[in-house]
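Undergrad: Just passing along the structure, written as structure tokens.
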Amino acid sequence: MSAPAATAATDAPRPEHPWVVFDYGEVLSLHHDVRPDLAELIRAPLATFCEAWAAERSAYDRGATDLIYWQAVGDRLGIRVDEPLATRLTALDLSAWSRTRPDAVALLTDLAAHGVPLALLSNAPRSHAQAFRAQPWAAHFRHLLFSGELGIAKPDPEIWNILTTRLDAKPGDCLFLDDRQDNVDSARLAGLQTEHWTDTTTGRAHLTARGLTAGRRAGP
């Protein structure tokens, strides 16, 4: 006897591999702290600069322009920031995130060779997003999503709907990897599979256990 039509309509086959969605900062990137250099460039005490830098970062990650961001930082410090200074600050700030971990890039290469669909979801300003898209590692990803271009950032719940819509995927068919626990928790509440990223070696082991890289596959 054939299955009822309603059941057949809901039993769409699951993809062979889930989407693996990477964060960028502290996952793929080798971050180094340039805030002392930024404070020196803007001529502000380091402690007060760091407070201003952090206080305005959420708006920057959600689409504020470089000039607006640095002027907001300057306003908190009582320092005027013009466009040339904002450009120099932006370039220095970007340099903190521009280097990638060789072992993480090797992992991306292995996953892509194994047929795993890759996406990236990162909280990053628009100018940073433009720079990252031009890097060789970006070619491993089928989709690159950056908060500054989306106007919304992790861990805002709506970002997961944007992600799954862009991927044309169900939440449960996405595996999200991030070093921040609040982002991981938000993704899990939205129905995504998740792994809290601590380092590349551990991340690779989790992915290999799931059968997503060459090596031991999940199951007996």
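Letters for chains follow the order of the structure tokens (A, B, ...), residue numbers begin at 1 for each chain, and ligand numbers begin at 1 in the order shown.
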Could you name the residues that touch A:Ser147 at 9 Å or less, counting only C-alpha atoms, but leaving out those on the same chain fewer than 4 positions away, as a ChimeraX atom specification?
TA: /A:61-63,121-126,129,151-154,159
Undergrad: If we count only C-alpha atoms, what is near stretch 101-112 of chain A at a cut-off of 8 Å, once residues fewer than 6 positions away on the same chain are taken out, given as a ChimeraX atom specification?
TA: /A:27-30,118,137,140,200,204,212-214
Undergrad: What is the distance, in Å and to one decimal place, between atom CA of A:Leu163 and atom CA of A:Trp70?
TA: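 A separation of 28.7 Å between them.
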Undergrad: Pick from A:Arg80, A:Glu195, A:Gln130, A:Pro171: nearest to A:Arg43, with only C-alpha atoms counted?
TA: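 Closest residue, counting only C-alpha atoms: A:Arg80.
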Undergrad: Could you check which of A:Ala138, A:Leu94, A:Val21, A:Leu150 is closest to A:Ala187, using only C-alpha atoms?
TA: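 Between A:Ala138, A:Leu94, A:Val21, A:Leu150, the residue approaching A:Ala187 most closely is A:Val21.
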Undergrad: Residues within 8 Å of A:Trp19, please, as a PDB file with all heavy atoms, in the first residue's frame. Count only C-alpha atoms; anything in the same chain fewer than 2 positions from it doesn't count.
TA:
ATOM      1  N   HIS A  17      25.123  16.077   3.724  1.00  0.00           N
ATOM      2  CA  HIS A  17      25.901  16.749   4.752  1.00  0.00           C
ATOM      3  C   HIS A  17      25.131  17.974   5.228  1.00  0.00           C
ATOM      4  O   HIS A  17      24.474  18.650   4.422  1.00  0.00           O
ATOM      5  CB  HIS A  17      27.254  17.218   4.201  1.00  0.00           C
ATOM      6  CG  HIS A  17      28.185  16.097   3.849  1.00  0.00           C
ATOM      7  ND1 HIS A  17      28.506  15.089   4.727  1.00  0.00           N
ATOM      8  CD2 HIS A  17      28.880  15.846   2.711  1.00  0.00           C
ATOM      9  CE1 HIS A  17      29.354  14.250   4.143  1.00  0.00           C
ATOM     10  NE2 HIS A  17      29.592  14.687   2.925  1.00  0.00           N
ATOM     11  N   VAL A  21      28.462  26.079   9.398  1.00  0.00           N
ATOM     12  CA  VAL A  21      28.487  27.545   9.425  1.00  0.00           C
ATOM     13  C   VAL A  21      29.530  27.996  10.442  1.00  0.00           C
ATOM     14  O   VAL A  21      29.396  27.740  11.646  1.00  0.00           O
ATOM     15  CB  VAL A  21      27.105  28.111   9.787  1.00  0.00           C
ATOM     16  CG1 VAL A  21      27.129  29.647   9.725  1.00  0.00           C
ATOM     17  CG2 VAL A  21      26.021  27.551   8.856  1.00  0.00           C
ATOM     18  N   VAL A 116      31.308  19.093   1.816  1.00  0.00           N
ATOM     19  CA  VAL A 116      30.498  19.728   2.846  1.00  0.00           C
ATOM     20  C   VAL A 116      30.202  21.175   2.443  1.00  0.00           C
ATOM     21  O   VAL A 116      31.132  21.933   2.159  1.00  0.00           O
ATOM     22  CB  VAL A 116      31.233  19.704   4.202  1.00  0.00           C
ATOM     23  CG1 VAL A 116      30.422  20.440   5.270  1.00  0.00           C
ATOM     24  CG2 VAL A 116      31.513  18.270   4.630  1.00  0.00           C
ATOM     25  N   PRO A 117      28.944  21.577   2.422  1.00  0.00           N
ATOM     26  CA  PRO A 117      28.625  22.974   2.089  1.00  0.00           C
ATOM     27  C   PRO A 117      28.976  23.886   3.253  1.00  0.00           C
ATOM     28  O   PRO A 117      28.594  23.635   4.398  1.00  0.00           O
ATOM     29  CB  PRO A 117      27.115  22.952   1.835  1.00  0.00           C
ATOM     30  CG  PRO A 117      26.605  21.780   2.612  1.00  0.00           C
ATOM     31  CD  PRO A 117      27.723  20.768   2.612  1.00  0.00           C
ATOM     32  N   LEU A 118      29.711  24.949   2.970  1.00  0.00           N
ATOM     33  CA  LEU A 118      30.222  25.845   3.999  1.00  0.00           C
ATOM     34  C   LEU A 118      29.614  27.229   3.876  1.00  0.00           C
ATOM     35  O   LEU A 118      29.426  27.760   2.776  1.00  0.00           O
ATOM     36  CB  LEU A 118      31.741  25.961   3.898  1.00  0.00           C
ATOM     37  CG  LEU A 118      32.544  24.668   4.023  1.00  0.00           C
ATOM     38  CD1 LEU A 118      34.032  24.969   3.838  1.00  0.00           C
ATOM     39  CD2 LEU A 118      32.299  23.999   5.367  1.00  0.00           C
ATOM     40  N   ALA A 119      29.323  27.821   5.031  1.00  0.00           N
ATOM     41  CA  ALA A 119      28.870  29.207   5.095  1.00  0.00           C
ATOM     42  C   ALA A 119      29.591  29.879   6.253  1.00  0.00           C
ATOM     43  O   ALA A 119      30.103  29.217   7.163  1.00  0.00           O
ATOM     44  CB  ALA A 119      27.361  29.283   5.297  1.00  0.00           C
ATOM     45  N   ASP A 173      19.403  21.372   9.746  1.00  0.00           N
ATOM     46  CA  ASP A 173      20.367  20.947   8.733  1.00  0.00           C
ATOM     47  C   ASP A 173      21.587  21.862   8.697  1.00  0.00           C
ATOM     48  O   ASP A 173      22.355  21.844   7.726  1.00  0.00           O
ATOM     49  CB  ASP A 173      19.702  20.903   7.354  1.00  0.00           C
ATOM     50  CG  ASP A 173      18.664  19.795   7.254  1.00  0.00           C
ATOM     51  OD1 ASP A 173      18.819  18.785   7.959  1.00  0.00           O
ATOM     52  OD2 ASP A 173      17.699  19.953   6.487  1.00  0.00           O
ATOM     53  N   CYS A 174      21.759  22.659   9.753  1.00  0.00           N
ATOM     54  CA  CYS A 174      22.901  23.564   9.853  1.00  0.00           C
ATOM     55  C   CYS A 174      23.657  23.279  11.152  1.00  0.00           C
ATOM     56  O   CYS A 174      23.046  23.147  12.222  1.00  0.00           O
ATOM     57  CB  CYS A 174      22.446  25.025   9.871  1.00  0.00           C
ATOM     58  SG  CYS A 174      21.504  25.536   8.414  1.00  0.00           S
ATOM     59  N   LEU A 175      24.966  23.192  11.055  1.00  0.00           N
ATOM     60  CA  LEU A 175      25.835  23.027  12.213  1.00  0.00           C
ATOM     61  C   LEU A 175      26.624  24.317  12.377  1.00  0.00           C
ATOM     62  O   LEU A 175      27.416  24.684  11.510  1.00  0.00           O
ATOM     63  CB  LEU A 175      26.783  21.846  12.019  1.00  0.00           C
ATOM     64  CG  LEU A 175      27.881  21.668  13.072  1.00  0.00           C
ATOM     65  CD1 LEU A 175      27.291  21.462  14.454  1.00  0.00           C
ATOM     66  CD2 LEU A 175      28.805  20.511  12.687  1.00  0.00           C
TER      67      LEU A 175
END
Undergrad: List as a list in words the protein and nucleic acid residues near A:Pro157, meaning an atom at most 8 Å away when only C-alpha atoms are counted, but skip any in the same chain fewer than 4 places from it.
TA: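 Residues meeting the cut-off are Asn161, Ser186, Ala187 and Ala190 of chain A.
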Undergrad: Of the candidates A:Asp82, A:Pro18, A:Tyr69, A:Ala44, which one gets nearest to A:Asp168 if we count only C-alpha atoms?
TA: A:Pro18
Undergrad: What is the atom CA of A:Gly172 to atom CA of A:Thr194 distance in Å?
TA: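 Between atom CA of A:Gly172 and atom CA of A:Thr194 the gap works out to 9.6 Å.
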Undergrad: Can you list, as a ChimeraX atom specification, all residues belonging to stretch 57-163 of chain A that DSSP tags as strand (DSSP E or B)?
TA: /A:100,118-122,143-146
Undergrad: Could those residues be written to a file, using N, CA and C atoms, as a PDB file, in the first residue's frame?
TA:
ATOM      1  N   THR A 100      44.677  34.809   9.325  1.00  0.00           N
ATOM      2  CA  THR A 100      43.914  33.588   9.585  1.00  0.00           C
ATOM      3  C   THR A 100      44.818  32.493  10.136  1.00  0.00           C
ATOM      4  N   LEU A 118      29.711  24.949   2.970  1.00  0.00           N
ATOM      5  CA  LEU A 118      30.222  25.845   3.999  1.00  0.00           C
ATOM      6  C   LEU A 118      29.614  27.229   3.876  1.00  0.00           C
ATOM      7  N   ALA A 119      29.323  27.821   5.031  1.00  0.00           N
ATOM      8  CA  ALA A 119      28.870  29.207   5.095  1.00  0.00           C
ATOM      9  C   ALA A 119      29.591  29.879   6.253  1.00  0.00           C
ATOM     10  N   LEU A 120      29.642  31.202   6.206  1.00  0.00           N
ATOM     11  CA  LEU A 120      30.262  31.971   7.270  1.00  0.00           C
ATOM     12  C   LEU A 120      29.271  33.013   7.751  1.00  0.00           C
ATOM     13  N   LEU A 121      29.137  33.130   9.069  1.00  0.00           N
ATOM     14  CA  LEU A 121      28.284  34.143   9.679  1.00  0.00           C
ATOM     15  C   LEU A 121      29.106  34.854  10.739  1.00  0.00           C
ATOM     16  N   SER A 122      29.439  36.105  10.488  1.00  0.00           N
ATOM     17  CA  SER A 122      30.362  36.826  11.358  1.00  0.00           C
ATOM     18  C   SER A 122      29.806  38.193  11.728  1.00  0.00           C
ATOM     19  N   HIS A 143      28.411  30.785   0.951  1.00  0.00           N
ATOM     20  CA  HIS A 143      27.746  32.006   1.403  1.00  0.00           C
ATOM     21  C   HIS A 143      28.590  32.656   2.485  1.00  0.00           C
ATOM     22  N   LEU A 144      28.726  33.985   2.398  1.00  0.00           N
ATOM     23  CA  LEU A 144      29.421  34.781   3.396  1.00  0.00           C
ATOM     24  C   LEU A 144      28.452  35.835   3.898  1.00  0.00           C
ATOM     25  N   LEU A 145      28.083  35.762   5.171  1.00  0.00           N
ATOM     26  CA  LEU A 145      27.133  36.696   5.754  1.00  0.00           C
ATOM     27  C   LEU A 145      27.816  37.473   6.872  1.00  0.00           C
ATOM     28  N   PHE A 146      27.709  38.807   6.792  1.00  0.00           N
ATOM     29  CA  PHE A 146      28.335  39.680   7.775  1.00  0.00           C
ATOM     30  C   PHE A 146      27.285  40.605   8.369  1.00  0.00           C
TER      31      PHE A 146
END
Undergrad: Just want the 10 Å neighbourhood of A:Asp185, counted on only C-alpha atoms, with same-chain residues fewer than 4 positions away dropped. Output as a list in words.
TA: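 So the residues in contact are Pro155, Asp178, Arg180, Gln181, Leu189, Ala190, Leu192, Thr194, Glu195 and His196 of chain A.
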Undergrad: Could you save those same residues with N, CA, C and O atoms as a PDB file, in the first residue's frame?
TA:
ATOM      1  N   PRO A 155      24.012  37.820  19.051  1.00  0.00           N
ATOM      2  CA  PRO A 155      23.101  36.667  19.078  1.00  0.00           C
ATOM      3  C   PRO A 155      21.631  37.007  18.862  1.00  0.00           C
ATOM      4  O   PRO A 155      20.773  36.287  19.356  1.00  0.00           O
ATOM      5  N   ASP A 178      31.017  28.483  16.854  1.00  0.00           N
ATOM      6  CA  ASP A 178      31.352  29.832  17.315  1.00  0.00           C
ATOM      7  C   ASP A 178      32.089  29.723  18.637  1.00  0.00           C
ATOM      8  O   ASP A 178      31.830  28.809  19.424  1.00  0.00           O
ATOM      9  N   ARG A 180      31.928  32.045  20.995  1.00  0.00           N
ATOM     10  CA  ARG A 180      31.167  32.725  22.038  1.00  0.00           C
ATOM     11  C   ARG A 180      29.955  31.896  22.441  1.00  0.00           C
ATOM     12  O   ARG A 180      29.121  31.554  21.590  1.00  0.00           O
ATOM     13  N   GLN A 181      29.852  31.625  23.716  1.00  0.00           N
ATOM     14  CA  GLN A 181      28.787  30.764  24.197  1.00  0.00           C
ATOM     15  C   GLN A 181      27.412  31.391  23.994  1.00  0.00           C
ATOM     16  O   GLN A 181      26.432  30.680  23.720  1.00  0.00           O
ATOM     17  N   LEU A 189      18.823  27.551  20.451  1.00  0.00           N
ATOM     18  CA  LEU A 189      17.415  27.854  20.707  1.00  0.00           C
ATOM     19  C   LEU A 189      16.627  27.984  19.409  1.00  0.00           C
ATOM     20  O   LEU A 189      15.426  27.699  19.375  1.00  0.00           O
ATOM     21  N   ALA A 190      17.312  28.403  18.343  1.00  0.00           N
ATOM     22  CA  ALA A 190      16.663  28.540  17.034  1.00  0.00           C
ATOM     23  C   ALA A 190      16.568  27.224  16.281  1.00  0.00           C
ATOM     24  O   ALA A 190      16.026  27.172  15.185  1.00  0.00           O
ATOM     25  N   LEU A 192      19.285  25.144  15.466  1.00  0.00           N
ATOM     26  CA  LEU A 192      20.488  24.725  14.761  1.00  0.00           C
ATOM     27  C   LEU A 192      21.265  23.716  15.596  1.00  0.00           C
ATOM     28  O   LEU A 192      21.212  23.732  16.830  1.00  0.00           O
ATOM     29  N   THR A 194      24.825  22.757  17.055  1.00  0.00           N
ATOM     30  CA  THR A 194      25.890  23.679  17.457  1.00  0.00           C
ATOM     31  C   THR A 194      27.071  22.927  18.062  1.00  0.00           C
ATOM     32  O   THR A 194      26.921  21.830  18.585  1.00  0.00           O
ATOM     33  N   GLU A 195      28.218  23.563  17.976  1.00  0.00           N
ATOM     34  CA  GLU A 195      29.412  23.158  18.702  1.00  0.00           C
ATOM     35  C   GLU A 195      30.098  24.433  19.189  1.00  0.00           C
ATOM     36  O   GLU A 195      30.286  25.379  18.422  1.00  0.00           O
ATOM     37  N   HIS A 196      30.449  24.466  20.472  1.00  0.00           N
ATOM     38  CA  HIS A 196      31.208  25.597  21.007  1.00  0.00           C
ATOM     39  C   HIS A 196      32.672  25.426  20.610  1.00  0.00           C
ATOM     40  O   HIS A 196      33.303  24.424  20.956  1.00  0.00           O
TER      41      HIS A 196
END
Undergrad: To one decimal place in Å, what is the distance between atom CA of A:Ala59 and atom CA of A:Ala86?
TA: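 Atom CA of A:Ala59 sits 15.8 Å away from atom CA of A:Ala86.
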Undergrad: Can you pull out every residue from stretch 43-86 of chain A that DSSP, working from the backbone, puts in helix (DSSP H, G or I), and format the result as an NGL selection string?
TA: :A and (46-55 or 57-61 or 66-77 or 83-86)
Undergrad: Of the residues A:Gly115, A:Gln71, A:Asn183, A:Ala64, which is the one nearest to A:Gly211, using only C-alpha atoms?
TA: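 Under the stated criterion, the closest residue is A:Gly115.
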